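Visitor: The following block contains the structure, expressed as structure tokens.
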Amino acid sequence: MGRAPEPSDLVLTALSGGPDSLALAAAAAHFSRRRRWRVGAVIVDHQLQEGSDRVAETAAQQARELGLHPVDIRTVTVHRKGDGLEAAARHVRYRALAESVELHGAHGVLLGHTRDDQAETVLLGLARGSGTRSLAGMAPVSHRHGMQLLRPLLDFTRQDTEAMCAAEQLQPWLDPTNSDESFMRARVRHTILPFLERELGPGVAASLARSAAILGPDADELDRQARDLLVSAREAAAREGHQLPAGHGSLAAEAAHSTVQLSLLSLRCAAVPVMRRALVQACILAGGEPVSYERLEALSQLAAGSGAAGPVQMAGKVSVYRRRPISPPTGHGGLGILEFMPGRALGASSHPSAQGAS
């Protein structure tokens, strides 16, 4: 979770100039005046709209008038990728925030996400068929790109932040893309959630946010257990790779500097939800990307010992395969492991792991 900010710490507010982030900046300035901690601002200009530089400078000037220091404008270039413009913009935005944190030695970044944003996030996760972590929404405290992210407004609504701006006589900028329903989140905000409120009754957004608050600790605990399993499965694989005790098979690690090896027995002894999460974490550790449901199903079947021994190709050029140990003791079927090889695809017939694969 990370420690709370101390009076000597600098905390940066991610400021777009919109009502949510502007209200957050005003609240942060209030705490700064009371010497709770030092507060600055970072504005990311995505250059996606004409005049975005003027919007960024206006937001920076508002931050200065509130007493925030330092105020950092970071101009980025968004390259549209397979996940779409929204995802690409989000990726470069967080990288820019991380650069500002490192430059100024900040404790972390305050984000202006509200309860309405949380409800939209959960609903989008449901529509995509995502798992517990996605349905848990955005955590009040999280980490990304090595920085701490703080979301103090998750219990406040968008209406609350607009009222805060009005009370402070602040003029927020209204991002036209928030009304552009060619973007999925805007469609959820302006069409889908209002429809659900009309058809199911008021309070749908609050209920979705409450579901995220309930699922968040559950997802955190499962992730913690998965991290522990990942550590123990790697340690077991390392032991099995250097010893052949009676009744156990093993595999010597090959190209250990570029692999993640897991004891298959350790994985199979764990609860399935924990094992699946450990596999996802291992893929990312090997240099891959978050795992889709379909790929995770194939990975789980590989770990269960059913079907072919691989390789299973994962996003990020990570290949996963199962194999028997080298020189298994007589009378034993051998203990397999999963080995993640980043950066290249492995053919079952061309790699040594194909010999004796289970």
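Going through the structure tokens in order, the chains are called A, B, and so on, while each chain numbers its residues from 1 and the ligands are numbered from 1 in the order shown.
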Which residues, written as a list of chain:residue names, have at least one atom at most 10 Å from A:His69, with only C-alpha atoms counted and residues fewer than 2 positions away on the same chain left out?

Guide: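 Once the adjacent positions are removed, what remains is A:Leu10, A:Val11, A:Leu12, A:Ala29, A:Arg38, A:Val39, A:Gly40, A:Ala41, A:Val42, A:Ala63, A:Arg64, A:Glu65, A:Leu66, A:Gly67, A:Val71, A:Asp72.
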
Visitor: List every residue of stretch 35-150 of chain A that has an atom at most 12 Å from any atom of stretch 222-234 of chain A, and for each one report the closest atom pair and its distance in Å to one decimal, counting only C-alpha atoms, with rows sorted by chain and then by increasing residue number, as JSON lines.

Guide:
{"residue": "A:Gly131", "atom": "CA", "partner": "A:Leu222", "partner_atom": "CA", "distance": 11.8}
{"residue": "A:Thr132", "atom": "CA", "partner": "A:Leu222", "partner_atom": "CA", "distance": 9.4}
{"residue": "A:Arg133", "atom": "CA", "partner": "A:Asp223", "partner_atom": "CA", "distance": 8.8}

Visitor: Would you write out those residues with N, CA and C atoms, as an mmCIF file, in the first residue's frame?

Guide:
data_model
loop_
_atom_site.group_PDB
_atom_site.id
_atom_site.type_symbol
_atom_site.label_atom_id
_atom_site.label_comp_id
_atom_site.auth_asym_id
_atom_site.auth_seq_id
_atom_site.Cartn_x
_atom_site.Cartn_y
_atom_site.Cartn_z
ATOM 1 N N GLY A 131 -12.115 -10.247 -15.074
ATOM 2 C CA GLY A 131 -12.119 -10.965 -13.806
ATOM 3 C C GLY A 131 -12.247 -10.055 -12.610
ATOM 4 N N THR A 132 -11.964 -10.629 -11.432
ATOM 5 C CA THR A 132 -12.164 -9.936 -10.167
ATOM 6 C C THR A 132 -11.378 -8.644 -10.092
ATOM 7 N N ARG A 133 -10.122 -8.664 -10.551
ATOM 8 C CA ARG A 133 -9.297 -7.460 -10.449
ATOM 9 C C ARG A 133 -9.910 -6.300 -11.205
#

Visitor: Name all residues at most 9 Å from A:Met314 (count only C-alpha atoms; drop same-chain ones fewer than 2 positions away) and give them as a ChimeraX atom specification.

Guide: /A:283,288-289,291-292,295-296,299,312,316-320

Visitor: Using C-alpha atoms, can you write the selected residues to a file as a PDB file, in the first residue's frame?

Guide:
ATOM      1  CA  CYS A 283       3.921 -13.971 -17.830  1.00  0.00           C
ATOM      2  CA  GLY A 288       4.856 -10.277 -21.453  1.00  0.00           C
ATOM      3  CA  GLU A 289       1.594  -8.372 -21.281  1.00  0.00           C
ATOM      4  CA  VAL A 291      -3.223 -12.165 -20.288  1.00  0.00           C
ATOM      5  CA  SER A 292      -6.560 -12.474 -22.082  1.00  0.00           C
ATOM      6  CA  ARG A 295      -4.883 -17.367 -23.370  1.00  0.00           C
ATOM      7  CA  LEU A 296      -5.300 -17.874 -19.623  1.00  0.00           C
ATOM      8  CA  LEU A 299      -2.230 -21.668 -19.892  1.00  0.00           C
ATOM      9  CA  VAL A 312       1.511 -21.690 -25.743  1.00  0.00           C
ATOM     10  CA  GLY A 316       4.604  -9.899 -25.558  1.00  0.00           C
ATOM     11  CA  LYS A 317       6.441 -12.745 -27.347  1.00  0.00           C
ATOM     12  CA  VAL A 318       6.421 -15.014 -24.304  1.00  0.00           C
ATOM     13  CA  SER A 319       6.222 -18.746 -24.995  1.00  0.00           C
ATOM     14  CA  VAL A 320       5.159 -21.213 -22.315  1.00  0.00           C
TER      15      VAL A 320
END

Visitor: Fewer than 2 positions away in the same chain doesn't count, so skip those; otherwise give me all residues within 9 Å of stretch 16-22 of chain A, counting only C-alpha atoms, as a PDB file with all heavy atoms, in the first residue's frame.

Guide:
ATOM      1  N   THR A  13      -0.606  16.786  -8.040  1.00  0.00           N
ATOM      2  CA  THR A  13      -1.982  16.589  -8.488  1.00  0.00           C
ATOM      3  C   THR A  13      -2.005  16.488 -10.004  1.00  0.00           C
ATOM      4  O   THR A  13      -1.495  17.382 -10.698  1.00  0.00           O
ATOM      5  CB  THR A  13      -2.879  17.764  -8.051  1.00  0.00           C
ATOM      6  OG1 THR A  13      -2.833  17.900  -6.638  1.00  0.00           O
ATOM      7  CG2 THR A  13      -4.313  17.534  -8.486  1.00  0.00           C
ATOM      8  N   ALA A  14      -2.566  15.407 -10.523  1.00  0.00           N
ATOM      9  CA  ALA A  14      -2.732  15.279 -11.970  1.00  0.00           C
ATOM     10  C   ALA A  14      -3.891  16.178 -12.386  1.00  0.00           C
ATOM     11  O   ALA A  14      -5.040  15.937 -12.026  1.00  0.00           O
ATOM     12  CB  ALA A  14      -3.012  13.827 -12.346  1.00  0.00           C
ATOM     13  N   LEU A  24     -10.085  18.666  -7.051  1.00  0.00           N
ATOM     14  CA  LEU A  24      -9.048  17.979  -6.279  1.00  0.00           C
ATOM     15  C   LEU A  24      -7.872  18.911  -6.013  1.00  0.00           C
ATOM     16  O   LEU A  24      -7.318  18.933  -4.908  1.00  0.00           O
ATOM     17  CB  LEU A  24      -8.582  16.742  -7.038  1.00  0.00           C
ATOM     18  CG  LEU A  24      -7.453  15.934  -6.390  1.00  0.00           C
ATOM     19  CD1 LEU A  24      -7.850  15.443  -5.002  1.00  0.00           C
ATOM     20  CD2 LEU A  24      -7.063  14.764  -7.287  1.00  0.00           C
ATOM     21  N   ALA A  25      -7.482  19.694  -7.017  1.00  0.00           N
ATOM     22  CA  ALA A  25      -6.379  20.632  -6.834  1.00  0.00           C
ATOM     23  C   ALA A  25      -6.707  21.658  -5.758  1.00  0.00           C
ATOM     24  O   ALA A  25      -5.851  22.007  -4.936  1.00  0.00           O
ATOM     25  CB  ALA A  25      -6.064  21.328  -8.158  1.00  0.00           C
ATOM     26  N   ALA A  26      -7.943  22.144  -5.746  1.00  0.00           N
ATOM     27  CA  ALA A  26      -8.349  23.112  -4.726  1.00  0.00           C
ATOM     28  C   ALA A  26      -8.320  22.486  -3.336  1.00  0.00           C
ATOM     29  O   ALA A  26      -7.862  23.121  -2.370  1.00  0.00           O
ATOM     30  CB  ALA A  26      -9.743  23.636  -5.045  1.00  0.00           C
ATOM     31  N   ALA A  27      -8.806  21.245  -3.236  1.00  0.00           N
ATOM     32  CA  ALA A  27      -8.781  20.566  -1.938  1.00  0.00           C
ATOM     33  C   ALA A  27      -7.342  20.301  -1.495  1.00  0.00           C
ATOM     34  O   ALA A  27      -6.997  20.467  -0.318  1.00  0.00           O
ATOM     35  CB  ALA A  27      -9.556  19.253  -2.030  1.00  0.00           C
ATOM     36  N   VAL A  42       0.868  18.451 -12.047  1.00  0.00           N
ATOM     37  CA  VAL A  42       1.425  18.028 -13.329  1.00  0.00           C
ATOM     38  C   VAL A  42       0.287  17.961 -14.339  1.00  0.00           C
ATOM     39  O   VAL A  42      -0.763  17.372 -14.070  1.00  0.00           O
ATOM     40  CB  VAL A  42       2.166  16.672 -13.214  1.00  0.00           C
ATOM     41  CG1 VAL A  42       1.287  15.590 -12.603  1.00  0.00           C
ATOM     42  CG2 VAL A  42       2.685  16.224 -14.579  1.00  0.00           C
ATOM     43  N   ILE A  43       0.469  18.642 -15.455  1.00  0.00           N
ATOM     44  CA  ILE A  43      -0.527  18.710 -16.527  1.00  0.00           C
ATOM     45  C   ILE A  43       0.050  17.999 -17.742  1.00  0.00           C
ATOM     46  O   ILE A  43       1.171  18.314 -18.177  1.00  0.00           O
ATOM     47  CB  ILE A  43      -0.874  20.173 -16.889  1.00  0.00           C
ATOM     48  CG1 ILE A  43      -1.457  20.901 -15.679  1.00  0.00           C
ATOM     49  CG2 ILE A  43      -1.840  20.223 -18.057  1.00  0.00           C
ATOM     50  CD1 ILE A  43      -0.476  21.771 -14.945  1.00  0.00           C
ATOM     51  N   VAL A  44      -0.689  17.052 -18.278  1.00  0.00           N
ATOM     52  CA  VAL A  44      -0.234  16.306 -19.453  1.00  0.00           C
ATOM     53  C   VAL A  44      -1.008  16.799 -20.671  1.00  0.00           C
ATOM     54  O   VAL A  44      -2.236  16.695 -20.730  1.00  0.00           O
ATOM     55  CB  VAL A  44      -0.429  14.787 -19.272  1.00  0.00           C
ATOM     56  CG1 VAL A  44       0.064  14.047 -20.520  1.00  0.00           C
ATOM     57  CG2 VAL A  44       0.305  14.293 -18.037  1.00  0.00           C
ATOM     58  N   ASP A  45      -0.283  17.356 -21.628  1.00  0.00           N
ATOM     59  CA  ASP A  45      -0.873  17.802 -22.889  1.00  0.00           C
ATOM     60  C   ASP A  45      -0.711  16.689 -23.909  1.00  0.00           C
ATOM     61  O   ASP A  45       0.387  16.427 -24.395  1.00  0.00           O
ATOM     62  CB  ASP A  45      -0.169  19.084 -23.361  1.00  0.00           C
ATOM     63  CG  ASP A  45      -0.676  19.566 -24.718  1.00  0.00           C
ATOM     64  OD1 ASP A  45      -1.671  19.006 -25.229  1.00  0.00           O
ATOM     65  OD2 ASP A  45      -0.058  20.495 -25.271  1.00  0.00           O
ATOM     66  N   VAL A  55      -5.101  25.029 -23.327  1.00  0.00           N
ATOM     67  CA  VAL A  55      -5.829  24.397 -22.214  1.00  0.00           C
ATOM     68  C   VAL A  55      -4.864  24.019 -21.102  1.00  0.00           C
ATOM     69  O   VAL A  55      -5.126  24.246 -19.915  1.00  0.00           O
ATOM     70  CB  VAL A  55      -6.598  23.154 -22.716  1.00  0.00           C
ATOM     71  CG1 VAL A  55      -7.196  22.379 -21.540  1.00  0.00           C
ATOM     72  CG2 VAL A  55      -7.695  23.548 -23.689  1.00  0.00           C
ATOM     73  N   ALA A  56      -3.713  23.459 -21.477  1.00  0.00           N
ATOM     74  CA  ALA A  56      -2.712  23.056 -20.490  1.00  0.00           C
ATOM     75  C   ALA A  56      -2.170  24.262 -19.735  1.00  0.00           C
ATOM     76  O   ALA A  56      -2.009  24.225 -18.509  1.00  0.00           O
ATOM     77  CB  ALA A  56      -1.578  22.311 -21.185  1.00  0.00           C
ATOM     78  N   THR A  58      -3.689  27.159 -19.263  1.00  0.00           N
ATOM     79  CA  THR A  58      -4.750  27.677 -18.392  1.00  0.00           C
ATOM     80  C   THR A  58      -4.843  26.867 -17.107  1.00  0.00           C
ATOM     81  O   THR A  58      -4.969  27.423 -16.008  1.00  0.00           O
ATOM     82  CB  THR A  58      -6.114  27.645 -19.120  1.00  0.00           C
ATOM     83  OG1 THR A  58      -6.046  28.480 -20.274  1.00  0.00           O
ATOM     84  CG2 THR A  58      -7.229  28.126 -18.202  1.00  0.00           C
ATOM     85  N   ALA A  59      -4.772  25.540 -17.235  1.00  0.00           N
ATOM     86  CA  ALA A  59      -4.802  24.683 -16.045  1.00  0.00           C
ATOM     87  C   ALA A  59      -3.600  24.964 -15.152  1.00  0.00           C
ATOM     88  O   ALA A  59      -3.724  25.020 -13.917  1.00  0.00           O
ATOM     89  CB  ALA A  59      -4.825  23.215 -16.465  1.00  0.00           C
ATOM     90  N   ALA A  60      -2.434  25.159 -15.772  1.00  0.00           N
ATOM     91  CA  ALA A  60      -1.228  25.453 -14.995  1.00  0.00           C
ATOM     92  C   ALA A  60      -1.372  26.771 -14.250  1.00  0.00           C
ATOM     93  O   ALA A  60      -0.965  26.887 -13.075  1.00  0.00           O
ATOM     94  CB  ALA A  60      -0.013  25.492 -15.919  1.00  0.00           C
ATOM     95  N   GLN A  62      -4.165  28.151 -13.234  1.00  0.00           N
ATOM     96  CA  GLN A  62      -5.099  27.928 -12.125  1.00  0.00           C
ATOM     97  C   GLN A  62      -4.391  27.258 -10.951  1.00  0.00           C
ATOM     98  O   GLN A  62      -4.638  27.596  -9.791  1.00  0.00           O
ATOM     99  CB  GLN A  62      -6.279  27.078 -12.603  1.00  0.00           C
ATOM    100  CG  GLN A  62      -7.230  27.807 -13.524  1.00  0.00           C
ATOM    101  CD  GLN A  62      -8.314  26.894 -14.084  1.00  0.00           C
ATOM    102  OE1 GLN A  62      -8.023  25.814 -14.598  1.00  0.00           O
ATOM    103  NE2 GLN A  62      -9.557  27.310 -13.978  1.00  0.00           N
ATOM    104  N   ALA A  63      -3.503  26.316 -11.258  1.00  0.00           N
ATOM    105  CA  ALA A  63      -2.758  25.637 -10.201  1.00  0.00           C
ATOM    106  C   ALA A  63      -1.868  26.631  -9.456  1.00  0.00           C
ATOM    107  O   ALA A  63      -1.771  26.600  -8.221  1.00  0.00           O
ATOM    108  CB  ALA A  63      -1.924  24.504 -10.792  1.00  0.00           C
ATOM    109  N   LEU A 110      -1.868  12.521  -7.010  1.00  0.00           N
ATOM    110  CA  LEU A 110      -3.296  12.534  -6.698  1.00  0.00           C
ATOM    111  C   LEU A 110      -4.089  12.512  -7.999  1.00  0.00           C
ATOM    112  O   LEU A 110      -3.824  13.311  -8.906  1.00  0.00           O
ATOM    113  CB  LEU A 110      -3.662  13.794  -5.910  1.00  0.00           C
ATOM    114  CG  LEU A 110      -3.006  13.982  -4.536  1.00  0.00           C
ATOM    115  CD1 LEU A 110      -3.297  15.385  -4.008  1.00  0.00           C
ATOM    116  CD2 LEU A 110      -3.507  12.930  -3.554  1.00  0.00           C
ATOM    117  N   LEU A 111      -5.049  11.595  -8.096  1.00  0.00           N
ATOM    118  CA  LEU A 111      -5.896  11.477  -9.281  1.00  0.00           C
ATOM    119  C   LEU A 111      -7.338  11.812  -8.920  1.00  0.00           C
ATOM    120  O   LEU A 111      -7.833  11.429  -7.859  1.00  0.00           O
ATOM    121  CB  LEU A 111      -5.818  10.064  -9.853  1.00  0.00           C
ATOM    122  CG  LEU A 111      -4.423   9.593 -10.293  1.00  0.00           C
ATOM    123  CD1 LEU A 111      -4.468   8.127 -10.698  1.00  0.00           C
ATOM    124  CD2 LEU A 111      -3.889  10.448 -11.427  1.00  0.00           C
ATOM    125  N   GLY A 112      -8.027  12.510  -9.821  1.00  0.00           N
ATOM    126  CA  GLY A 112      -9.371  13.002  -9.522  1.00  0.00           C
ATOM    127  C   GLY A 112     -10.494  12.065  -9.900  1.00  0.00           C
ATOM    128  O   GLY A 112     -11.603  12.530 -10.211  1.00  0.00           O
ATOM    129  N   HIS A 113     -10.282  10.757  -9.868  1.00  0.00           N
ATOM    130  CA  HIS A 113     -11.350   9.816 -10.207  1.00  0.00           C
ATOM    131  C   HIS A 113     -12.435   9.836  -9.131  1.00  0.00           C
ATOM    132  O   HIS A 113     -12.140   9.783  -7.937  1.00  0.00           O
ATOM    133  CB  HIS A 113     -10.784   8.396 -10.349  1.00  0.00           C
ATOM    134  CG  HIS A 113      -9.827   8.261 -11.483  1.00  0.00           C
ATOM    135  ND1 HIS A 113      -8.544   7.754 -11.344  1.00  0.00           N
ATOM    136  CD2 HIS A 113      -9.964   8.575 -12.799  1.00  0.00           C
ATOM    137  CE1 HIS A 113      -7.945   7.760 -12.519  1.00  0.00           C
ATOM    138  NE2 HIS A 113      -8.769   8.247 -13.410  1.00  0.00           N
ATOM    139  N   THR A 114     -13.679   9.880  -9.580  1.00  0.00           N
ATOM    140  CA  THR A 114     -14.826   9.959  -8.680  1.00  0.00           C
ATOM    141  C   THR A 114     -15.597   8.631  -8.643  1.00  0.00           C
ATOM    142  O   THR A 114     -15.246   7.685  -9.345  1.00  0.00           O
ATOM    143  CB  THR A 114     -15.783  11.066  -9.132  1.00  0.00           C
ATOM    144  OG1 THR A 114     -16.331  10.706 -10.421  1.00  0.00           O
ATOM    145  CG2 THR A 114     -15.063  12.409  -9.241  1.00  0.00           C
ATOM    146  N   LEU A 153     -11.019  10.906  -4.144  1.00  0.00           N
ATOM    147  CA  LEU A 153     -12.379  11.346  -4.460  1.00  0.00           C
ATOM    148  C   LEU A 153     -13.320  10.201  -4.838  1.00  0.00           C
ATOM    149  O   LEU A 153     -14.410  10.455  -5.351  1.00  0.00           O
ATOM    150  CB  LEU A 153     -12.357  12.366  -5.613  1.00  0.00           C
ATOM    151  CG  LEU A 153     -11.590  13.668  -5.384  1.00  0.00           C
ATOM    152  CD1 LEU A 153     -11.771  14.595  -6.594  1.00  0.00           C
ATOM    153  CD2 LEU A 153     -12.058  14.364  -4.116  1.00  0.00           C
ATOM    154  N   ARG A 158     -19.489  13.196  -9.420  1.00  0.00           N
ATOM    155  CA  ARG A 158     -19.139  14.269 -10.348  1.00  0.00           C
ATOM    156  C   ARG A 158     -19.905  15.542 -10.001  1.00  0.00           C
ATOM    157  O   ARG A 158     -19.379  16.654 -10.143  1.00  0.00           O
ATOM    158  CB  ARG A 158     -19.449  13.807 -11.779  1.00  0.00           C
ATOM    159  CG  ARG A 158     -18.769  14.609 -12.855  1.00  0.00           C
ATOM    160  CD  ARG A 158     -18.835  13.873 -14.185  1.00  0.00           C
ATOM    161  NE  ARG A 158     -17.955  12.706 -14.202  1.00  0.00           N
ATOM    162  CZ  ARG A 158     -18.342  11.486 -14.532  1.00  0.00           C
ATOM    163  NH1 ARG A 158     -19.608  11.257 -14.858  1.00  0.00           N
ATOM    164  NH2 ARG A 158     -17.495  10.489 -14.532  1.00  0.00           N
ATOM    165  N   ASP A 160     -20.623  16.475  -7.042  1.00  0.00           N
ATOM    166  CA  ASP A 160     -19.908  17.060  -5.903  1.00  0.00           C
ATOM    167  C   ASP A 160     -18.734  17.916  -6.375  1.00  0.00           C
ATOM    168  O   ASP A 160     -18.503  19.017  -5.858  1.00  0.00           O
ATOM    169  CB  ASP A 160     -19.385  15.962  -4.973  1.00  0.00           C
ATOM    170  CG  ASP A 160     -20.485  15.213  -4.249  1.00  0.00           C
ATOM    171  OD1 ASP A 160     -21.552  15.812  -4.014  1.00  0.00           O
ATOM    172  OD2 ASP A 160     -20.268  14.021  -3.936  1.00  0.00           O
ATOM    173  N   THR A 161     -17.974  17.401  -7.334  1.00  0.00           N
ATOM    174  CA  THR A 161     -16.796  18.155  -7.778  1.00  0.00           C
ATOM    175  C   THR A 161     -17.204  19.426  -8.513  1.00  0.00           C
ATOM    176  O   THR A 161     -16.528  20.459  -8.394  1.00  0.00           O
ATOM    177  CB  THR A 161     -15.885  17.293  -8.679  1.00  0.00           C
ATOM    178  OG1 THR A 161     -16.596  16.901  -9.861  1.00  0.00           O
ATOM    179  CG2 THR A 161     -15.408  16.059  -7.922  1.00  0.00           C
ATOM    180  N   GLU A 162     -18.294  19.363  -9.264  1.00  0.00           N
ATOM    181  CA  GLU A 162     -18.788  20.573  -9.927  1.00  0.00           C
ATOM    182  C   GLU A 162     -19.209  21.608  -8.900  1.00  0.00           C
ATOM    183  O   GLU A 162     -18.948  22.814  -9.074  1.00  0.00           O
ATOM    184  CB  GLU A 162     -19.938  20.209 -10.858  1.00  0.00           C
ATOM    185  CG  GLU A 162     -19.509  19.381 -12.069  1.00  0.00           C
ATOM    186  CD  GLU A 162     -20.678  18.817 -12.849  1.00  0.00           C
ATOM    187  OE1 GLU A 162     -21.835  18.961 -12.361  1.00  0.00           O
ATOM    188  OE2 GLU A 162     -20.466  18.231 -13.931  1.00  0.00           O
ATOM    189  N   ALA A 163     -19.841  21.157  -7.819  1.00  0.00           N
ATOM    190  CA  ALA A 163     -20.247  22.076  -6.753  1.00  0.00           C
ATOM    191  C   ALA A 163     -19.030  22.678  -6.055  1.00  0.00           C
ATOM    192  O   ALA A 163     -19.033  23.867  -5.681  1.00  0.00           O
ATOM    193  CB  ALA A 163     -21.130  21.346  -5.741  1.00  0.00           C
ATOM    194  N   MET A 164     -17.977  21.891  -5.892  1.00  0.00           N
ATOM    195  CA  MET A 164     -16.743  22.388  -5.270  1.00  0.00           C
ATOM    196  C   MET A 164     -16.109  23.476  -6.126  1.00  0.00           C
ATOM    197  O   MET A 164     -15.644  24.500  -5.612  1.00  0.00           O
ATOM    198  CB  MET A 164     -15.764  21.235  -5.054  1.00  0.00           C
ATOM    199  CG  MET A 164     -16.211  20.242  -3.985  1.00  0.00           C
ATOM    200  SD  MET A 164     -15.225  18.714  -3.995  1.00  0.00           S
ATOM    201  CE  MET A 164     -13.608  19.339  -3.512  1.00  0.00           C
ATOM    202  N   CYS A 165     -16.103  23.279  -7.436  1.00  0.00           N
ATOM    203  CA  CYS A 165     -15.551  24.291  -8.333  1.00  0.00           C
ATOM    204  C   CYS A 165     -16.366  25.581  -8.267  1.00  0.00           C
ATOM    205  O   CYS A 165     -15.799  26.684  -8.247  1.00  0.00           O
ATOM    206  CB  CYS A 165     -15.514  23.774  -9.768  1.00  0.00           C
ATOM    207  SG  CYS A 165     -14.253  22.507 -10.072  1.00  0.00           S
ATOM    208  N   LEU A 170     -14.075  28.574  -9.440  1.00  0.00           N
ATOM    209  CA  LEU A 170     -13.145  28.070 -10.432  1.00  0.00           C
ATOM    210  C   LEU A 170     -13.887  27.759 -11.731  1.00  0.00           C
ATOM    211  O   LEU A 170     -15.024  27.291 -11.702  1.00  0.00           O
ATOM    212  CB  LEU A 170     -12.450  26.799  -9.918  1.00  0.00           C
ATOM    213  CG  LEU A 170     -11.610  26.957  -8.651  1.00  0.00           C
ATOM    214  CD1 LEU A 170     -11.171  25.580  -8.140  1.00  0.00           C
ATOM    215  CD2 LEU A 170     -10.400  27.841  -8.919  1.00  0.00           C
ATOM    216  N   GLN A 171     -13.242  28.013 -12.851  1.00  0.00           N
ATOM    217  CA  GLN A 171     -13.854  27.758 -14.154  1.00  0.00           C
ATOM    218  C   GLN A 171     -13.229  26.521 -14.777  1.00  0.00           C
ATOM    219  O   GLN A 171     -12.151  26.585 -15.375  1.00  0.00           O
ATOM    220  CB  GLN A 171     -13.659  28.978 -15.067  1.00  0.00           C
ATOM    221  CG  GLN A 171     -14.355  30.234 -14.598  1.00  0.00           C
ATOM    222  CD  GLN A 171     -15.864  30.069 -14.586  1.00  0.00           C
ATOM    223  OE1 GLN A 171     -16.441  29.440 -15.488  1.00  0.00           O
ATOM    224  NE2 GLN A 171     -16.511  30.614 -13.569  1.00  0.00           N
ATOM    225  N   PRO A 172     -13.874  25.374 -14.643  1.00  0.00           N
ATOM    226  CA  PRO A 172     -13.291  24.153 -15.208  1.00  0.00           C
ATOM    227  C   PRO A 172     -13.416  24.104 -16.722  1.00  0.00           C
ATOM    228  O   PRO A 172     -14.338  24.683 -17.312  1.00  0.00           O
ATOM    229  CB  PRO A 172     -14.103  23.036 -14.554  1.00  0.00           C
ATOM    230  CG  PRO A 172     -15.429  23.669 -14.243  1.00  0.00           C
ATOM    231  CD  PRO A 172     -15.140  25.103 -13.924  1.00  0.00           C
ATOM    232  N   TRP A 173     -12.487  23.392 -17.326  1.00  0.00           N
ATOM    233  CA  TRP A 173     -12.535  23.136 -18.763  1.00  0.00           C
ATOM    234  C   TRP A 173     -13.340  21.870 -18.997  1.00  0.00           C
ATOM    235  O   TRP A 173     -13.188  20.874 -18.290  1.00  0.00           O
ATOM    236  CB  TRP A 173     -11.112  22.956 -19.286  1.00  0.00           C
ATOM    237  CG  TRP A 173     -11.029  22.472 -20.702  1.00  0.00           C
ATOM    238  CD1 TRP A 173     -11.430  23.134 -21.821  1.00  0.00           C
ATOM    239  CD2 TRP A 173     -10.493  21.217 -21.156  1.00  0.00           C
ATOM    240  NE1 TRP A 173     -11.175  22.383 -22.946  1.00  0.00           N
ATOM    241  CE2 TRP A 173     -10.602  21.199 -22.561  1.00  0.00           C
ATOM    242  CE3 TRP A 173      -9.916  20.125 -20.503  1.00  0.00           C
ATOM    243  CZ2 TRP A 173     -10.165  20.117 -23.329  1.00  0.00           C
ATOM    244  CZ3 TRP A 173      -9.484  19.062 -21.263  1.00  0.00           C
ATOM    245  CH2 TRP A 173      -9.612  19.058 -22.664  1.00  0.00           C
ATOM    246  N   LEU A 174     -14.229  21.905 -19.975  1.00  0.00           N
ATOM    247  CA  LEU A 174     -15.060  20.745 -20.305  1.00  0.00           C
ATOM    248  C   LEU A 174     -14.499  20.078 -21.552  1.00  0.00           C
ATOM    249  O   LEU A 174     -14.600  20.611 -22.663  1.00  0.00           O
ATOM    250  CB  LEU A 174     -16.520  21.179 -20.514  1.00  0.00           C
ATOM    251  CG  LEU A 174     -17.173  21.866 -19.304  1.00  0.00           C
ATOM    252  CD1 LEU A 174     -18.613  22.257 -19.629  1.00  0.00           C
ATOM    253  CD2 LEU A 174     -17.120  20.973 -18.073  1.00  0.00           C
ATOM    254  N   ASP A 175     -13.902  18.931 -21.372  1.00  0.00           N
ATOM    255  CA  ASP A 175     -13.261  18.186 -22.457  1.00  0.00           C
ATOM    256  C   ASP A 175     -14.319  17.686 -23.436  1.00  0.00           C
ATOM    257  O   ASP A 175     -15.203  16.915 -23.058  1.00  0.00           O
ATOM    258  CB  ASP A 175     -12.493  17.006 -21.866  1.00  0.00           C
ATOM    259  CG  ASP A 175     -11.678  16.248 -22.905  1.00  0.00           C
ATOM    260  OD1 ASP A 175     -11.848  16.514 -24.114  1.00  0.00           O
ATOM    261  OD2 ASP A 175     -10.871  15.391 -22.500  1.00  0.00           O
TER     262      ASP A 175
END

Visitor: Could you give me the residues within stretch 105-192 of chain A that DSSP places in helix (DSSP H, G or I), as an MDAnalysis selection string?

Guide: chainID A and resid 115:127 132:135 158:167 176:179 184:192

Visitor: How far is it from atom CA of A:Arg115 to atom CA of A:Arg90, in Å with one decimal?

Guide: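 About the pair atom CA of A:Arg115 and atom CA of A:Arg90: they are 19.0 Å apart.
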
Visitor: Taking 3 positions as the minimum chain separation for residues in the same chain, which residues sit within 9 Å of A:Arg35 when counting only C-alpha atoms? Answer as a list in words.

Guide: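 Contacts, with the query itself left out: Pro7, Ser8, His30, Phe31, Ser32 and Arg38 of chain A.
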
Visitor: Restricting the output to N, CA, C and O atoms, write the selected residues as a short mmCIF file (atom, residue, chain, number, x, y, z; two decimals), in the first residue's frame.

Guide:
data_model
loop_
_atom_site.label_atom_id
_atom_site.label_comp_id
_atom_site.auth_asym_id
_atom_site.auth_seq_id
_atom_site.Cartn_x
_atom_site.Cartn_y
_atom_site.Cartn_z
N PRO A 7 4.47 15.69 6.18
CA PRO A 7 4.51 17.13 5.88
C PRO A 7 5.64 17.56 4.96
O PRO A 7 5.50 18.51 4.19
N SER A 8 6.75 16.84 5.00
CA SER A 8 7.88 17.22 4.14
C SER A 8 7.76 16.68 2.73
O SER A 8 8.53 17.06 1.84
N HIS A 30 -5.79 23.37 -0.11
CA HIS A 30 -6.25 23.61 1.26
C HIS A 30 -5.39 22.85 2.26
O HIS A 30 -4.95 23.40 3.28
N PHE A 31 -5.13 21.57 1.97
CA PHE A 31 -4.29 20.77 2.87
C PHE A 31 -2.86 21.30 2.89
O PHE A 31 -2.20 21.27 3.92
N SER A 32 -2.40 21.80 1.74
CA SER A 32 -1.05 22.33 1.69
C SER A 32 -0.93 23.57 2.59
O SER A 32 0.07 23.74 3.29
N ARG A 38 3.36 19.20 1.04
CA ARG A 38 3.56 20.11 -0.08
C ARG A 38 2.84 19.56 -1.31
O ARG A 38 2.84 18.36 -1.55
#
